[in-house]
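Trainee: File name target11.txt; file contents compact mmCIF, C-alpha atoms and all ligand atoms; full text below.
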```
# COMPACT_ATOMS: atom_id res chain seq x y z
CA MET A 1 28.84 -26.39 -23.95
CA SER A 2 25.81 -26.01 -26.21
CA SER A 3 25.00 -22.50 -27.39
CA VAL A 4 21.70 -22.51 -25.42
CA VAL A 5 23.49 -23.30 -22.14
CA GLU A 6 26.14 -20.72 -22.99
CA SER A 7 23.49 -18.03 -23.63
CA LEU A 8 21.67 -18.94 -20.41
CA SER A 9 24.81 -18.74 -18.30
CA CYS A 10 25.66 -15.41 -19.94
CA PHE A 11 22.14 -14.15 -19.08
CA VAL A 12 22.40 -15.31 -15.45
CA ARG A 13 25.83 -13.68 -15.03
CA SER A 14 24.78 -10.33 -16.51
CA SER A 15 23.32 -7.73 -14.18
CA ILE A 16 20.22 -7.24 -16.37
CA GLY A 17 19.69 -11.04 -16.35
CA LYS A 18 19.88 -11.07 -12.55
CA LYS A 19 17.50 -8.11 -12.32
CA ILE A 20 14.99 -9.96 -14.49
CA LEU A 21 15.34 -13.08 -12.30
CA VAL A 22 14.81 -11.00 -9.13
CA ALA A 23 11.73 -9.35 -10.70
CA ALA A 24 10.20 -12.61 -12.02
CA THR A 25 10.69 -14.52 -8.75
CA GLY A 26 9.58 -11.41 -6.82
CA LEU A 27 6.34 -11.39 -8.82
CA VAL A 28 5.72 -15.06 -7.95
CA LEU A 29 6.23 -14.24 -4.24
CA VAL A 30 4.08 -11.08 -4.44
CA LEU A 31 1.20 -13.13 -5.88
CA PHE A 32 1.74 -15.93 -3.36
CA VAL A 33 1.56 -13.48 -0.43
CA LEU A 34 -1.79 -12.14 -1.73
CA GLY A 35 -3.26 -15.62 -2.30
CA HIS A 36 -2.03 -16.80 1.10
CA MET A 37 -3.52 -13.76 2.84
CA ILE A 38 -6.92 -14.30 1.16
CA GLY A 39 -6.81 -17.95 2.30
CA ASN A 40 -5.90 -16.91 5.87
CA LEU A 41 -8.75 -14.39 5.99
CA LEU A 42 -11.15 -17.34 5.66
CA ALA A 43 -10.64 -17.63 9.43
CA PHE A 44 -13.16 -14.77 9.70
CA ALA A 45 -15.71 -16.94 7.84
CA GLY A 46 -15.48 -19.51 10.65
CA PRO A 47 -13.60 -22.73 11.47
CA ASP A 48 -15.23 -24.83 8.73
CA ALA A 49 -14.20 -22.45 5.95
CA ILE A 50 -10.48 -22.31 6.80
CA ASN A 51 -10.30 -26.00 7.77
CA ALA A 52 -11.91 -27.07 4.47
CA TYR A 53 -9.55 -24.73 2.58
CA GLY A 54 -6.48 -26.17 4.37
CA HIS A 55 -7.71 -29.69 3.65
CA LEU A 56 -8.25 -28.87 -0.03
CA LEU A 57 -4.67 -27.59 -0.31
CA GLN A 58 -3.25 -30.65 1.46
CA THR A 59 -5.20 -33.16 -0.65
CA SER A 60 -5.18 -31.57 -4.12
CA LEU A 61 -3.62 -33.83 -6.80
CA HIS A 62 -3.60 -36.68 -4.23
CA GLY A 63 -1.32 -34.65 -1.96
CA GLY A 64 1.04 -33.76 -4.84
CA GLY A 65 -0.35 -30.24 -5.34
CA VAL A 66 1.03 -28.92 -2.07
CA TRP A 67 4.48 -30.35 -2.89
CA ILE A 68 4.51 -28.77 -6.35
CA ALA A 69 3.64 -25.41 -4.71
CA ARG A 70 6.27 -25.90 -1.99
CA LEU A 71 9.04 -26.74 -4.48
CA GLY A 72 8.02 -23.87 -6.77
CA LEU A 73 8.07 -21.42 -3.84
CA LEU A 74 11.38 -22.76 -2.56
CA ALA A 75 12.94 -22.34 -6.01
CA ALA A 76 11.53 -18.78 -6.25
CA VAL A 77 12.90 -17.85 -2.80
CA VAL A 78 16.36 -19.35 -3.48
CA VAL A 79 16.74 -17.66 -6.91
CA HIS A 80 15.40 -14.36 -5.49
CA VAL A 81 17.85 -14.35 -2.57
CA VAL A 82 20.93 -15.58 -4.50
CA ALA A 83 20.39 -13.16 -7.41
CA THR A 84 19.78 -10.24 -5.00
CA ILE A 85 22.94 -10.93 -2.99
CA SER A 86 24.95 -11.25 -6.20
CA LEU A 87 23.51 -7.98 -7.57
CA THR A 88 24.28 -6.16 -4.31
CA ARG A 89 27.88 -7.41 -4.42
CA GLN A 90 28.24 -6.45 -8.07
CA SER A 91 26.93 -2.92 -7.54
CA ARG A 92 29.14 -2.41 -4.44
CA ALA A 93 32.20 -3.56 -6.39
CA ALA A 94 31.31 -1.17 -9.22
CA ARG A 95 31.12 1.81 -6.82
CA PRO A 96 34.68 2.14 -5.49
CA ASP A 97 35.12 5.23 -3.40
CA ALA A 98 38.72 6.27 -3.01
CA TYR A 99 37.98 8.02 0.27
CA GLY A 100 35.97 5.19 1.75
CA ARG A 101 32.97 7.47 2.13
CA GLN A 102 29.38 6.46 1.52
CA LYS A 103 27.99 8.24 -1.50
CA ALA A 104 24.71 10.05 -1.10
CA GLN A 105 21.97 8.10 -2.82
CA VAL A 106 18.68 9.23 -4.22
CA SER A 107 16.71 6.37 -2.73
CA GLY A 108 14.29 5.84 0.13
CA ARG A 109 15.00 3.99 3.36
CA ALA A 110 13.10 0.90 2.11
CA ALA A 111 15.30 0.77 -1.00
CA ARG A 112 18.54 0.98 0.99
CA THR A 113 17.47 -1.66 3.47
CA MET A 114 15.97 -4.13 0.95
CA ILE A 115 18.73 -6.69 1.45
CA TRP A 116 18.37 -6.57 5.26
CA SER A 117 14.56 -6.57 5.36
CA GLY A 118 14.68 -9.48 2.86
CA LEU A 119 17.11 -11.53 4.94
CA THR A 120 15.12 -10.83 8.13
CA LEU A 121 11.94 -11.96 6.33
CA LEU A 122 13.75 -15.17 5.46
CA CYS A 123 14.20 -15.76 9.23
CA PHE A 124 10.47 -15.07 9.70
CA ILE A 125 9.60 -17.64 7.00
CA VAL A 126 11.80 -20.29 8.69
CA PHE A 127 10.08 -19.57 12.06
CA HIS A 128 6.63 -19.56 10.40
CA LEU A 129 7.24 -22.93 8.72
CA MET A 130 8.46 -24.45 12.01
CA HIS A 131 5.40 -22.96 13.73
CA PHE A 132 2.51 -23.88 11.41
CA THR A 133 3.84 -26.41 8.87
CA VAL A 134 6.41 -28.59 10.71
CA ARG A 135 4.66 -27.65 14.00
CA ASN A 136 7.69 -28.27 16.20
CA ILE A 137 7.59 -24.97 18.12
CA GLU A 138 4.25 -25.84 19.70
CA ASN A 139 2.49 -29.19 19.37
CA PHE A 140 -0.43 -28.55 17.02
CA GLY A 141 -0.83 -32.24 16.13
CA GLY A 142 -2.61 -35.30 17.44
CA PRO A 143 -6.31 -35.91 18.14
CA ASP A 144 -6.70 -32.48 19.86
CA TYR A 145 -6.14 -30.85 16.47
CA GLU A 146 -8.38 -33.07 14.36
CA VAL A 147 -11.89 -32.20 13.20
CA VAL A 148 -14.45 -34.07 11.14
CA LEU A 149 -16.18 -32.11 8.40
CA ASP A 150 -18.66 -33.75 6.02
CA GLY A 151 -17.49 -37.13 7.27
CA GLU A 152 -13.82 -36.37 6.52
CA LYS A 153 -11.12 -36.13 9.15
CA MET A 154 -8.87 -33.09 8.74
CA HIS A 155 -6.40 -30.85 10.55
CA ASN A 156 -7.96 -28.12 12.70
CA VAL A 157 -6.13 -25.16 11.12
CA TYR A 158 -8.55 -22.70 12.82
CA LYS A 159 -7.73 -23.95 16.33
CA MET A 160 -3.99 -23.95 15.51
CA VAL A 161 -4.17 -20.30 14.40
CA VAL A 162 -6.19 -19.23 17.47
CA VAL A 163 -3.96 -21.09 19.94
CA GLY A 164 -0.79 -19.99 18.09
CA PHE A 165 -1.67 -16.29 18.15
CA SER A 166 -3.03 -16.27 21.70
CA HIS A 167 0.62 -15.92 22.84
CA VAL A 168 1.24 -12.16 22.84
CA GLY A 169 4.96 -12.59 22.06
CA VAL A 170 4.27 -14.76 19.01
CA SER A 171 1.64 -12.31 17.70
CA ALA A 172 3.98 -9.37 18.28
CA PHE A 173 6.72 -11.16 16.31
CA TYR A 174 4.32 -11.80 13.41
CA ILE A 175 3.11 -8.18 13.41
CA LEU A 176 6.70 -6.88 13.46
CA SER A 177 7.57 -9.20 10.56
CA MET A 178 4.53 -7.95 8.64
CA VAL A 179 5.74 -4.36 9.11
CA LEU A 180 9.09 -5.40 7.58
CA LEU A 181 7.21 -7.17 4.79
CA TYR A 182 5.36 -3.88 4.18
CA GLY A 183 8.64 -2.03 3.58
CA HIS A 184 10.03 -4.82 1.41
CA LEU A 185 6.87 -5.19 -0.68
CA SER A 186 6.22 -1.49 -1.17
CA HIS A 187 9.67 -0.98 -2.67
CA GLY A 188 9.71 -4.39 -4.41
CA VAL A 189 6.42 -3.89 -6.24
CA SER A 190 7.37 -0.44 -7.56
CA SER A 191 10.83 -1.75 -8.60
CA LEU A 192 9.09 -4.48 -10.57
CA PHE A 193 7.58 -1.88 -12.89
CA GLN A 194 10.99 -0.26 -13.26
CA THR A 195 12.67 -3.55 -14.24
CA LEU A 196 9.90 -4.19 -16.74
CA GLY A 197 10.82 -0.83 -18.26
CA LEU A 198 7.36 0.60 -17.57
CA ALA A 199 8.36 3.37 -15.17
CA THR A 200 8.87 6.77 -16.76
CA TYR A 201 9.60 10.04 -14.94
CA ARG A 202 5.84 10.72 -14.85
CA SER A 203 4.52 7.23 -14.07
CA GLU A 204 7.13 6.51 -11.38
CA ARG A 205 4.99 8.23 -8.71
CA ILE A 206 1.96 6.16 -9.69
CA PHE A 207 3.93 2.91 -9.47
CA LYS A 208 5.28 3.96 -6.07
CA ALA A 209 1.70 4.59 -4.90
CA ILE A 210 0.63 1.16 -6.23
CA GLY A 211 3.54 -0.43 -4.32
CA HIS A 212 2.51 1.31 -1.07
CA ALA A 213 -1.20 0.46 -1.52
CA TYR A 214 -0.47 -3.21 -2.24
CA ALA A 215 1.92 -3.51 0.72
CA LEU A 216 -0.61 -1.78 3.00
CA LEU A 217 -3.35 -4.22 1.92
CA ILE A 218 -1.10 -7.17 2.84
CA LEU A 219 -0.07 -5.52 6.14
CA VAL A 220 -3.66 -4.83 7.23
CA GLY A 221 -5.00 -8.22 6.04
CA ASN A 222 -2.26 -10.30 7.68
CA CYS A 223 -2.12 -8.31 10.93
CA SER A 224 -5.91 -8.51 11.33
CA ILE A 225 -5.59 -12.23 12.17
CA PRO A 226 -3.25 -12.09 15.22
CA LEU A 227 -4.97 -8.85 16.34
CA ALA A 228 -8.43 -10.48 16.09
CA VAL A 229 -7.20 -13.45 18.15
CA LEU A 230 -5.73 -11.16 20.84
CA ALA A 231 -8.96 -9.09 20.87
CA GLY A 232 -11.04 -12.25 21.28
CA VAL A 233 -12.84 -11.80 17.93
CA LEU A 234 -11.43 -15.12 16.68
CA LYS A 235 -11.77 -17.71 19.44
C1 LIG A 301 -0.16 -13.20 9.91
C2 LIG A 301 0.10 -13.68 8.71
C3 LIG A 301 0.06 -15.15 8.36
C4 LIG A 301 -0.76 -16.13 8.80
C5 LIG A 301 -1.93 -16.02 9.75
C6 LIG A 301 -0.35 -17.36 8.15
C7 LIG A 301 -0.93 -18.59 8.34
C8 LIG A 301 -0.45 -19.79 7.86
C9 LIG A 301 -0.99 -21.09 8.16
C10 LIG A 301 -2.18 -21.35 9.07
C11 LIG A 301 -0.26 -22.03 7.51
C12 LIG A 301 -0.44 -23.56 7.53
C13 LIG A 301 -1.52 -23.97 6.55
C14 LIG A 301 -1.94 -25.41 6.79
O1 LIG A 301 -1.47 -26.08 7.70
O2 LIG A 301 -2.81 -25.85 6.02
C15 LIG A 301 0.76 -21.31 6.76
C16 LIG A 301 1.71 -21.89 5.94
C17 LIG A 301 2.63 -21.18 5.18
N1 LIG A 301 2.81 -19.82 5.15
FE1 LIG A 301 1.75 -18.48 6.23
N2 LIG A 301 0.72 -17.09 7.32
C18 LIG A 301 1.00 -15.74 7.42
C19 LIG A 301 1.99 -15.05 6.74
C20 LIG A 301 2.85 -15.61 5.82
C21 LIG A 301 3.81 -14.87 5.02
C22 LIG A 301 4.01 -13.37 5.07
C23 LIG A 301 4.45 -15.79 4.24
C24 LIG A 301 5.54 -15.59 3.21
C25 LIG A 301 6.22 -14.49 3.02
C26 LIG A 301 3.91 -17.09 4.53
C27 LIG A 301 4.31 -18.27 3.96
C28 LIG A 301 3.82 -19.52 4.26
C29 LIG A 301 4.30 -20.74 3.67
C30 LIG A 301 5.41 -20.87 2.62
C31 LIG A 301 3.56 -21.79 4.24
C32 LIG A 301 3.75 -23.28 4.00
C33 LIG A 301 2.71 -23.91 3.15
C34 LIG A 301 2.99 -25.40 3.17
O3 LIG A 301 4.07 -25.79 2.74
O4 LIG A 301 2.14 -26.14 3.64
N3 LIG A 301 2.93 -16.95 5.49
N4 LIG A 301 0.61 -19.96 6.99
```
In structure tokens, write the structure found in this file.
Ligand code: HEM
Mentor:
Amino acid sequence: MSSVVESLSCFVRSSIGKKILVAATGLVLVLFVLGHMIGNLLAFAGPDAINAYGHLLQTSLHGGGVWIARLGLLAAVVVHVVATISLTRQSRAARPDAYGRQKAQVSGRAARTMIWSGLTLLCFIVFHLMHFTVRNIENFGGPDYEVVLDGEKMHNVYKMVVVGFSHVGVSAFYILSMVLLYGHLSHGVSSLFQTLGLATYRSERIFKAIGHAYALLILVGNCSIPLAVLAGVLK
């Protein structure tokens, strides 16, 4: 084994290496969620805006751009989940309690439930991809979902979003998932600063506030779409 591979495998097996991997992939996902929300909010600018945006994503780099993004995101999600599960196992194994009692921890509810909110979000992502990308939960394909804009035929993302969220159960599921995402993001973002070694006793409160504010922004932005559809604002 070359020394580079040996050093890399040592890094990946160490708990600090795993923490850095969780933080780096978490940052990619944090930025993706913001970019995706901004793109989704184009629905409020009207059908043409979000349809043209969806078309741009699908056709960038002759259709290769979307695949590069998909593979990058998939890699980030897989590394994030695998490293987190491994870290959780490692820290549980390092905390043997002779009496089988749970030790009191100085951490919030979001921190203690990170692994579970994360795994539940993974289920949401699978549902979401089946819903709007593979489109096998409801049929959002065919001529009914095609529009022509500036002489170009494209998928009617706006109509898909409006029809998709007009089911109360589906909207409720999305909103519930966004509440979970709020908890996961608020703790995740403030932990990022800690892993980067930026959080001191004094600045910790500020980083926690940044985490909450960021997560709240994503919660409000994302929930506004299903809520606007149910309220008849987007139709
Ligand atoms: C209410 C909130 C959300 C709305 C309205 C929404 C909307 C959409 C829409 C319309 C698409 C399909 C785009 C197209 O066909 O051009 C999409 C794809 C996608 N969304 Fe969301 N999304 C939301 C939340 C999320 C969240 C929280 C995540 C991740 C944590 C996420 C991850 C993805 C991914 C990975 C894709 C697939 C992109 C692709 O491969 O084409 N979405 N979303």
Trainee: Using CA of Phe127 (chain A) and CA of Gly211 (chain A) as the two end points, give the distance in Å to one decimal.
Mentor: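 Between these atoms lies a distance of 26.0 Å.
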Trainee: Please report as a Markdown table every residue of chain A lying within 8 Å of ligand LIG 301 (chain A), along with the nearest atom pair and their distance in Å (one decimal), using all atoms listed in the file.
Mentor:
```
| residue | atom | partner | partner_atom | distance |
| --- | --- | --- | --- | --- |
| A:Leu29 | CA | A:LIG301 | C25 | 7.3 |
| A:Phe32 | CA | A:LIG301 | C24 | 7.6 |
| A:Val33 | CA | A:LIG301 | C24 | 5.8 |
| A:His36 | CA | A:LIG301 | FE1 | 6.6 |
| A:Met37 | CA | A:LIG301 | C3 | 6.7 |
| A:Asn40 | CA | A:LIG301 | C5 | 5.6 |
| A:Leu41 | CA | A:LIG301 | C5 | 8.0 |
| A:Asn51 | CA | A:LIG301 | O2 | 7.7 |
| A:Tyr53 | CA | A:LIG301 | O2 | 7.6 |
| A:Gly54 | CA | A:LIG301 | O2 | 4.0 |
| A:His55 | CA | A:LIG301 | O2 | 6.7 |
| A:Leu57 | CA | A:LIG301 | O2 | 6.8 |
| A:Gln58 | CA | A:LIG301 | O2 | 6.6 |
| A:Val66 | CA | A:LIG301 | O4 | 6.4 |
| A:Trp67 | CA | A:LIG301 | O3 | 7.3 |
| A:Ala69 | CA | A:LIG301 | O3 | 7.5 |
| A:Arg70 | CA | A:LIG301 | O3 | 5.2 |
| A:Leu73 | CA | A:LIG301 | C30 | 7.0 |
| A:Leu121 | CA | A:LIG301 | C25 | 7.1 |
| A:Leu122 | CA | A:LIG301 | C25 | 7.9 |
| A:Phe124 | CA | A:LIG301 | C25 | 7.9 |
| A:Ile125 | CA | A:LIG301 | C24 | 5.9 |
| A:His128 | CA | A:LIG301 | N1 | 6.5 |
| A:Leu129 | CA | A:LIG301 | C32 | 5.9 |
| A:Phe132 | CA | A:LIG301 | C12 | 4.9 |
| A:Thr133 | CA | A:LIG301 | C12 | 5.3 |
| A:His155 | CA | A:LIG301 | O1 | 7.4 |
| A:Val157 | CA | A:LIG301 | O1 | 5.9 |
| A:Tyr158 | CA | A:LIG301 | C10 | 7.5 |
| A:Met160 | CA | A:LIG301 | C10 | 7.2 |
| A:Val161 | CA | A:LIG301 | C10 | 5.8 |
| A:Tyr174 | CA | A:LIG301 | C1 | 5.9 |
| A:Ile175 | CA | A:LIG301 | C1 | 6.9 |
| A:Ser177 | CA | A:LIG301 | C22 | 7.8 |
| A:Met178 | CA | A:LIG301 | C22 | 6.5 |
| A:Leu181 | CA | A:LIG301 | C22 | 7.0 |
| A:Gly221 | CA | A:LIG301 | C2 | 7.9 |
| A:Asn222 | CA | A:LIG301 | C1 | 4.2 |
| A:Cys223 | CA | A:LIG301 | C1 | 5.4 |
| A:Ser224 | CA | A:LIG301 | C1 | 7.6 |
| A:Ile225 | CA | A:LIG301 | C5 | 5.8 |
| A:Pro226 | CA | A:LIG301 | C1 | 6.2 |
```
Trainee: Which residue, A:Gly39, A:Gly188, A:Pro47, A:Gly197, has the smallest gap to Thr25 (chain A) when you use all atoms listed in the file?
Mentor: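 The shortest atom-to-atom distance to Thr25 (chain A) comes from A:Gly188.
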Trainee: What's around region 213-216 of chain A at 7 Å? Count all atoms listed in the file, leave out sequence neighbours fewer than 5 positions away in its own chain, and write the answer as a PyMOL selection string.
Mentor: chain A and resi 182+185-186
Trainee: Restricted to C-alpha atoms, what would the selected residues look like written as a PDB file, in the frame of the given file?
Mentor:
```pdb
ATOM      1  CA  TYR A 182       5.360  -3.880   4.180  1.00  0.00           C
ATOM      2  CA  LEU A 185       6.870  -5.190  -0.680  1.00  0.00           C
ATOM      3  CA  SER A 186       6.220  -1.490  -1.170  1.00  0.00           C
TER       4      SER A 186
END
```
Trainee: Given all atoms listed in the file as the basis, pick out the residue of A:Gly141, A:Gly46, A:Gly26, A:Gly232 nearest to His80 (chain A).
Mentor: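 The closest residue to His80 (chain A) is A:Gly26.
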Trainee: Write out as a list of chain:residue names the residues lying within 6 Å of Val147 (chain A), counting all atoms listed in the file and excluding same-chain residues fewer than 5 positions away.
Mentor: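 Using all atoms listed in the file, the neighbours found are A:Lys153, A:Met154, A:Asn156.
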Trainee: Could you state the separation of CA of Glu146 (chain A) and CA of Leu61 (chain A) in Å, given to one decimal place?
Mentor: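 Atom-to-atom, CA of Glu146 (chain A) and CA of Leu61 (chain A) are spaced 21.7 Å apart.
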Trainee: Could you please determine the separation between CA of Cys123 (chain A) and CA of Val162 (chain A) in Å, to one decimal place?
Mentor: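 Computing the Euclidean distance for CA of Cys123 (chain A) and CA of Val162 (chain A) yields 22.3 Å.
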Trainee: Which of these, A:Gly63, A:Gly183, A:Gly164, A:Gly142, has the shortest distance to Lys235 (chain A) once you count all atoms listed in the file?
Mentor: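 Looking only at the distances to Lys235 (chain A), the closest residue turns out to be A:Gly164.
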Trainee: For Ser166 (chain A), which residue among A:Ile38, A:Leu234, A:Leu119, A:Leu192 is the nearest when counting only C-alpha atoms?
Mentor: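 Nearest candidate to Ser166 (chain A) out of A:Ile38, A:Leu234, A:Leu119, A:Leu192: A:Leu234.
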Trainee: With only C-alpha atoms as the basis for distance, which of A:Phe193, A:Phe140, A:Tyr201, A:Phe207 is at the shortest distance from Ala24 (chain A)?
Mentor: A:Phe193
Trainee: Kindly add N, CA and C atoms to the incomplete region 15-35 of chain A and provide the output as a PDB file, keeping the file's coordinate frame.
Mentor:
```pdb
ATOM      1  N   SER A  15      24.126  -8.353 -15.225  1.00  0.00           N
ATOM      2  CA  SER A  15      23.320  -7.730 -14.180  1.00  0.00           C
ATOM      3  C   SER A  15      21.861  -7.569 -14.629  1.00  0.00           C
ATOM      4  N   ILE A  16      21.614  -7.369 -15.913  1.00  0.00           N
ATOM      5  CA  ILE A  16      20.220  -7.240 -16.370  1.00  0.00           C
ATOM      6  C   ILE A  16      19.509  -8.610 -16.232  1.00  0.00           C
ATOM      7  N   GLY A  17      20.262  -9.695 -16.505  1.00  0.00           N
ATOM      8  CA  GLY A  17      19.690 -11.040 -16.350  1.00  0.00           C
ATOM      9  C   GLY A  17      19.291 -11.281 -14.897  1.00  0.00           C
ATOM     10  N   LYS A  18      20.174 -10.888 -13.984  1.00  0.00           N
ATOM     11  CA  LYS A  18      19.880 -11.070 -12.550  1.00  0.00           C
ATOM     12  C   LYS A  18      18.686 -10.228 -12.139  1.00  0.00           C
ATOM     13  N   LYS A  19      18.636  -8.987 -12.665  1.00  0.00           N
ATOM     14  CA  LYS A  19      17.500  -8.110 -12.320  1.00  0.00           C
ATOM     15  C   LYS A  19      16.194  -8.735 -12.777  1.00  0.00           C
ATOM     16  N   ILE A  20      16.213  -9.338 -13.971  1.00  0.00           N
ATOM     17  CA  ILE A  20      14.990  -9.960 -14.490  1.00  0.00           C
ATOM     18  C   ILE A  20      14.617 -11.166 -13.612  1.00  0.00           C
ATOM     19  N   LEU A  21      15.628 -11.931 -13.179  1.00  0.00           N
ATOM     20  CA  LEU A  21      15.340 -13.080 -12.300  1.00  0.00           C
ATOM     21  C   LEU A  21      14.748 -12.613 -10.970  1.00  0.00           C
ATOM     22  N   VAL A  22      15.324 -11.531 -10.400  1.00  0.00           N
ATOM     23  CA  VAL A  22      14.810 -11.000  -9.130  1.00  0.00           C
ATOM     24  C   VAL A  22      13.359 -10.539  -9.323  1.00  0.00           C
ATOM     25  N   ALA A  23      13.084  -9.867 -10.457  1.00  0.00           N
ATOM     26  CA  ALA A  23      11.730  -9.350 -10.700  1.00  0.00           C
ATOM     27  C   ALA A  23      10.738 -10.500 -10.920  1.00  0.00           C
ATOM     28  N   ALA A  24      11.124 -11.505 -11.722  1.00  0.00           N
ATOM     29  CA  ALA A  24      10.200 -12.610 -12.020  1.00  0.00           C
ATOM     30  C   ALA A  24       9.887 -13.419 -10.764  1.00  0.00           C
ATOM     31  N   THR A  25      10.929 -13.734  -9.975  1.00  0.00           N
ATOM     32  CA  THR A  25      10.690 -14.520  -8.750  1.00  0.00           C
ATOM     33  C   THR A  25       9.964 -13.642  -7.720  1.00  0.00           C
ATOM     34  N   GLY A  26      10.265 -12.332  -7.719  1.00  0.00           N
ATOM     35  CA  GLY A  26       9.580 -11.410  -6.820  1.00  0.00           C
ATOM     36  C   GLY A  26       8.087 -11.383  -7.133  1.00  0.00           C
ATOM     37  N   LEU A  27       7.749 -11.404  -8.419  1.00  0.00           N
ATOM     38  CA  LEU A  27       6.340 -11.390  -8.820  1.00  0.00           C
ATOM     39  C   LEU A  27       5.623 -12.655  -8.323  1.00  0.00           C
ATOM     40  N   VAL A  28       6.311 -13.802  -8.444  1.00  0.00           N
ATOM     41  CA  VAL A  28       5.720 -15.060  -7.950  1.00  0.00           C
ATOM     42  C   VAL A  28       5.429 -14.917  -6.452  1.00  0.00           C
ATOM     43  N   LEU A  29       6.393 -14.358  -5.692  1.00  0.00           N
ATOM     44  CA  LEU A  29       6.230 -14.240  -4.240  1.00  0.00           C
ATOM     45  C   LEU A  29       5.159 -13.205  -3.882  1.00  0.00           C
ATOM     46  N   VAL A  30       5.096 -12.119  -4.667  1.00  0.00           N
ATOM     47  CA  VAL A  30       4.080 -11.080  -4.440  1.00  0.00           C
ATOM     48  C   VAL A  30       2.677 -11.686  -4.600  1.00  0.00           C
ATOM     49  N   LEU A  31       2.514 -12.507  -5.638  1.00  0.00           N
ATOM     50  CA  LEU A  31       1.200 -13.130  -5.880  1.00  0.00           C
ATOM     51  C   LEU A  31       0.894 -14.185  -4.820  1.00  0.00           C
ATOM     52  N   PHE A  32       1.937 -14.921  -4.405  1.00  0.00           N
ATOM     53  CA  PHE A  32       1.740 -15.930  -3.360  1.00  0.00           C
ATOM     54  C   PHE A  32       1.240 -15.269  -2.071  1.00  0.00           C
ATOM     55  N   VAL A  33       1.900 -14.162  -1.686  1.00  0.00           N
ATOM     56  CA  VAL A  33       1.560 -13.480  -0.430  1.00  0.00           C
ATOM     57  C   VAL A  33       0.091 -13.033  -0.453  1.00  0.00           C
ATOM     58  N   LEU A  34      -0.379 -12.572  -1.625  1.00  0.00           N
ATOM     59  CA  LEU A  34      -1.790 -12.140  -1.730  1.00  0.00           C
ATOM     60  C   LEU A  34      -2.728 -13.345  -1.601  1.00  0.00           C
ATOM     61  N   GLY A  35      -2.413 -14.415  -2.349  1.00  0.00           N
ATOM     62  CA  GLY A  35      -3.260 -15.620  -2.300  1.00  0.00           C
ATOM     63  C   GLY A  35      -3.301 -16.203  -0.897  1.00  0.00           C
TER      64      GLY A  35
END
```
